[in-house]
2 protein chains.
Amino acid sequence: MATEPYTHLAYYERLVLQIKTRILQGIMQPGDKLPSVREMAKQEQLNPNTIAKAYKQLEADGVIYVEPGRGSFVAEPLKHANSTTVAAFRPKFDALVVEAQSLGIGLATLQAWLTEKEEHQR
Amino acid sequence: MATEPYTHLAYYERLVLQIKTRILQGIMQPGDKLPSVREMAKQEQLNPNTIAKAYKQLEADGVIYVEPGRGSFVAEPLKHANSTTVAAFRPKFDALVVEAQSLGIGLATLQAWLTEKEEHQR
DNA sequence: CTACGTGTACTATTATACACGGTACACATA
DNA sequence: TATGTGTACCGTGTATAATAGTACACGTAG
């Protein structure tokens with residue numbers, strides 16, 4: 001039971017995505033304390049190491065911060081990404097757009113999806 | 001020399017993306033014959049098995065077709081994706097959007113990137 | 001000070017995916 | 001018949017994911 005191709009996404013990646021989503025939705029507010037590595041491991045039925053990996057990733061992405069000995073907390077949302085971050089992200093976006101178009105999903109459809117999100121986010 | 005984290009993308013995935021891009025750009029036209037698995041392997045300095053994996057993926061995505069014993073050819077571009085294809089793709093898109101927003105890249109920026117592509121594509 | 005909870009850093013094992021080398025087969029064509 | 005085509009194997013080495021378990025440095029509450 002090492003790797004589960006449920007979603008073709010690793011457990012820790014799913015956790016990262018899940019937490020990021022909750023923060024964006026406002027379910028988790030800046031300053032909120034996250035469950036401890038060990039507690040989250042029980043909740044999610046995963047190994048503490050897997051949770052730690054997710055938390056480390058989240059900290060690297062700047063969405064949480066760690067106070068040694070106290071715990072992990074939701075960080076203030078970033079307003080503007082620096083150019084190196086954007087430069088690293090852009091290829092992933094371009095690749096997905098190519099993927100979409102090859103599948104017959106046009107740019108107009110992607111535009112519509114984004115617009116839909118903008119509306120749901122207010 | 002088994003895995004090369006150049007781009008954090010597998011060789012065969014890079015090939016798939018490269019060929020899809022060339023087709024979308026019109027560099028490769030429908031009906032054009034692709035280099036054989038063995039020839040492409042020499043060009044790209046890769047193992048024929050790796051090329052075969054890429055071709056198989058491209059065929060599964062419907063961007064090329066195979067005539068047994070003759071070779072692989074560029075397929076006609078898809079106009080509309082069926083609903084199952086869209087349903088499979090949508091989560092990837094949503095995940096990337098969440099990723100972007102967490103990095104401080106807003107929806108407006110993504111919209112702008114798409115608009116930019118629409119212009120360059122005419 | 002003591003005890004506890006916190007994130008983190010190790011070692012080790014198992015399973016999967018990627019890329020490689022090599023061989024073999026069924027097919028179409030010259 | 002001979003060649004080129006995609007494809008299907010077997011085996012090997014390596015990297016990554018997830019597991020289990022232990023240990024450490026830190027902050028806080030008793």
# chains A, B, ... in the order shown; residues from 1 in each chain; ligands from 1
>>> interface_residues(of="chain C", to="chain A", cutoff="10 Å", atoms="only C-alpha atoms (C1' of nucleotides)", output="list in words")
DG5, DT6, DG7, DT8, DT14, DA15 and DT16 of chain C
>>> select_by_dssp(residues="range 58-105 of chain A", states="strand (DSSP E)", output="VMD selection string")
chain A and resid 64 to 67 71 to 74
>>> select_by_dssp(residues="chain A", states="alpha helix (DSSP H)", output="count of residues only")
69
>>> residues_around(residues="DA3 in chain C", least_positions_apart="3", cutoff="12 Å", atoms="only C-alpha atoms (C1' of nucleotides)", output="PyMOL selection string")
chain D and resi 28-30
>>> interface_residues(of="chain B", to="chain A", cutoff="7 Å", atoms="only C-alpha atoms", output="VMD selection string")
chain B and resid 17 20 to 21 61 63 78 to 81 95 98 102 to 105 107 111 114
>>> write_last_selection(atoms="N, CA, C and O atoms", output="short mmCIF file (atom, residue, chain, number, x, y, z; two decimals), in the first residue's frame")
data_model
loop_
_atom_site.label_atom_id
_atom_site.label_comp_id
_atom_site.auth_asym_id
_atom_site.auth_seq_id
_atom_site.Cartn_x
_atom_site.Cartn_y
_atom_site.Cartn_z
N LEU B 17 4.64 16.48 -25.28
CA LEU B 17 4.33 17.90 -25.24
C LEU B 17 4.91 18.62 -26.46
O LEU B 17 4.25 19.47 -27.07
N LYS B 20 2.86 17.72 -29.58
CA LYS B 20 1.55 18.39 -29.53
C LYS B 20 1.69 19.86 -29.87
O LYS B 20 0.86 20.43 -30.59
N THR B 21 2.74 20.48 -29.34
CA THR B 21 2.97 21.90 -29.60
C THR B 21 3.20 22.16 -31.08
O THR B 21 2.62 23.09 -31.65
N ASP B 61 -4.28 9.97 -26.87
CA ASP B 61 -4.84 11.32 -26.79
C ASP B 61 -5.48 11.74 -28.11
O ASP B 61 -6.06 12.82 -28.20
N VAL B 63 -4.10 12.50 -31.03
CA VAL B 63 -3.41 13.48 -31.87
C VAL B 63 -2.62 12.83 -32.99
O VAL B 63 -2.23 13.49 -33.95
N LEU B 78 -8.98 17.71 -33.14
CA LEU B 78 -10.30 17.54 -32.54
C LEU B 78 -10.98 18.90 -32.42
O LEU B 78 -10.35 19.90 -32.11
N LYS B 79 -12.27 18.90 -32.66
CA LYS B 79 -13.01 20.16 -32.54
C LYS B 79 -13.61 20.30 -31.14
O LYS B 79 -13.37 21.27 -30.44
N HIS B 80 -14.36 19.29 -30.75
CA HIS B 80 -14.97 19.34 -29.42
C HIS B 80 -14.59 18.10 -28.63
O HIS B 80 -14.70 16.99 -29.14
N ALA B 81 -14.18 18.31 -27.40
CA ALA B 81 -13.84 17.19 -26.52
C ALA B 81 -15.12 16.60 -25.95
O ALA B 81 -16.07 17.32 -25.67
N ALA B 95 -6.46 22.33 -10.07
CA ALA B 95 -5.31 22.21 -9.17
C ALA B 95 -4.25 23.24 -9.50
O ALA B 95 -3.66 23.86 -8.60
N VAL B 98 -5.31 26.72 -8.27
CA VAL B 98 -5.09 26.85 -6.83
C VAL B 98 -3.62 27.10 -6.55
O VAL B 98 -3.25 27.98 -5.76
N SER B 102 -2.05 30.51 -4.76
CA SER B 102 -1.26 30.41 -3.52
C SER B 102 0.11 31.04 -3.68
O SER B 102 0.72 31.49 -2.71
N LEU B 103 0.60 31.07 -4.91
CA LEU B 103 1.91 31.69 -5.18
C LEU B 103 1.80 33.19 -5.39
O LEU B 103 2.80 33.86 -5.59
N GLY B 104 0.58 33.68 -5.37
CA GLY B 104 0.37 35.11 -5.55
C GLY B 104 0.10 35.50 -6.99
O GLY B 104 0.13 36.67 -7.35
N ILE B 105 -0.15 34.48 -7.82
CA ILE B 105 -0.49 34.73 -9.22
C ILE B 105 -2.01 34.70 -9.34
O ILE B 105 -2.62 33.64 -9.23
N LEU B 107 -6.06 35.37 -10.70
CA LEU B 107 -6.85 34.91 -11.85
C LEU B 107 -6.71 35.87 -13.03
O LEU B 107 -6.69 35.43 -14.19
N GLN B 111 -5.82 34.95 -16.87
CA GLN B 111 -6.68 35.41 -17.97
C GLN B 111 -5.85 36.10 -19.03
O GLN B 111 -6.00 35.87 -20.23
N LEU B 114 -3.88 33.75 -21.21
CA LEU B 114 -4.71 33.08 -22.22
C LEU B 114 -5.03 34.01 -23.38
O LEU B 114 -4.97 33.60 -24.55
#
>>> closest_residue(among="B:Asn47, B:Ala88, B:Ala60, B:Pro35", to="chain D", atoms="only C-alpha atoms (C1' of nucleotides)")
B:Pro35
>>> atom_distance(atom1="CA of Ala75 in chain A", atom2="CA of Tyr12 in chain A")
19.2 Å
>>> closest_atom_pairs(of="chain D", to="chain B", cutoff="10 Å", atoms="only C-alpha atoms (C1' of nucleotides)", output="Markdown table")
| residue | atom | partner | partner_atom | distance |
| --- | --- | --- | --- | --- |
| D:DG4 | C1' | B:Gly69 | CA | 7.6 |
| D:DT5 | C1' | B:Gly69 | CA | 4.1 |
| D:DG6 | C1' | B:Pro68 | CA | 6.3 |
| D:DT7 | C1' | B:Ala52 | CA | 8.2 |
| D:DG13 | C1' | B:Ala2 | CA | 7.5 |
| D:DT14 | C1' | B:Ala2 | CA | 6.0 |
| D:DA15 | C1' | B:Thr3 | CA | 6.9 |
>>> write_last_selection(atoms="N, CA, C and O atoms (P, O5', C5', C4', C3', O3' and C1' of nucleotides)", output="tab-separated table (two decimals), in the first residue's frame")
chain	number	residue	atom	x	y	z
D	4	DG	P	15.68	-1.12	-43.64
D	4	DG	O5'	14.29	-0.54	-43.15
D	4	DG	C5'	13.47	0.21	-44.05
D	4	DG	C4'	12.08	0.39	-43.46
D	4	DG	C3'	12.08	0.96	-42.04
D	4	DG	O3'	11.16	2.03	-41.94
D	4	DG	C1'	10.79	-1.02	-42.14
D	5	DT	P	11.06	2.91	-40.66
D	5	DT	O5'	9.78	2.35	-39.92
D	5	DT	C5'	8.48	2.66	-40.44
D	5	DT	C4'	7.41	1.83	-39.79
D	5	DT	C3'	7.39	1.86	-38.26
D	5	DT	O3'	6.76	3.04	-37.81
D	5	DT	C1'	6.90	-0.33	-39.12
D	6	DG	P	6.99	3.50	-36.32
D	6	DG	O5'	5.93	2.64	-35.51
D	6	DG	C5'	4.55	2.76	-35.80
D	6	DG	C4'	3.77	1.64	-35.11
D	6	DG	C3'	3.75	1.73	-33.59
D	6	DG	O3'	2.44	1.44	-33.11
D	6	DG	C1'	4.69	-0.34	-34.26
D	7	DT	P	2.15	1.57	-31.56
D	7	DT	O5'	2.47	0.12	-31.00
D	7	DT	C5'	1.80	-1.00	-31.55
D	7	DT	C4'	2.34	-2.29	-30.94
D	7	DT	C3'	2.45	-2.29	-29.41
D	7	DT	O3'	1.45	-3.14	-28.87
D	7	DT	C1'	4.34	-3.30	-30.45
D	13	DG	P	21.55	-4.42	-11.94
D	13	DG	O5'	21.37	-2.83	-11.92
D	13	DG	C5'	21.98	-2.05	-12.95
D	13	DG	C4'	21.49	-0.61	-12.86
D	13	DG	C3'	21.55	-0.02	-11.46
D	13	DG	O3'	22.16	1.26	-11.50
D	13	DG	C1'	19.36	0.20	-12.36
D	14	DT	P	22.53	2.03	-10.14
D	14	DT	O5'	21.36	3.12	-10.03
D	14	DT	C5'	21.12	3.97	-11.15
D	14	DT	C4'	19.82	4.73	-10.95
D	14	DT	C3'	19.68	5.37	-9.56
D	14	DT	O3'	19.54	6.76	-9.71
D	14	DT	C1'	17.68	4.27	-10.23
D	15	DA	P	19.70	7.73	-8.43
D	15	DA	O5'	18.30	8.50	-8.39
D	15	DA	C5'	17.67	8.92	-9.59
D	15	DA	C4'	16.17	9.10	-9.36
D	15	DA	C3'	15.83	9.78	-8.03
D	15	DA	O3'	14.92	10.84	-8.25
D	15	DA	C1'	14.65	7.74	-8.25
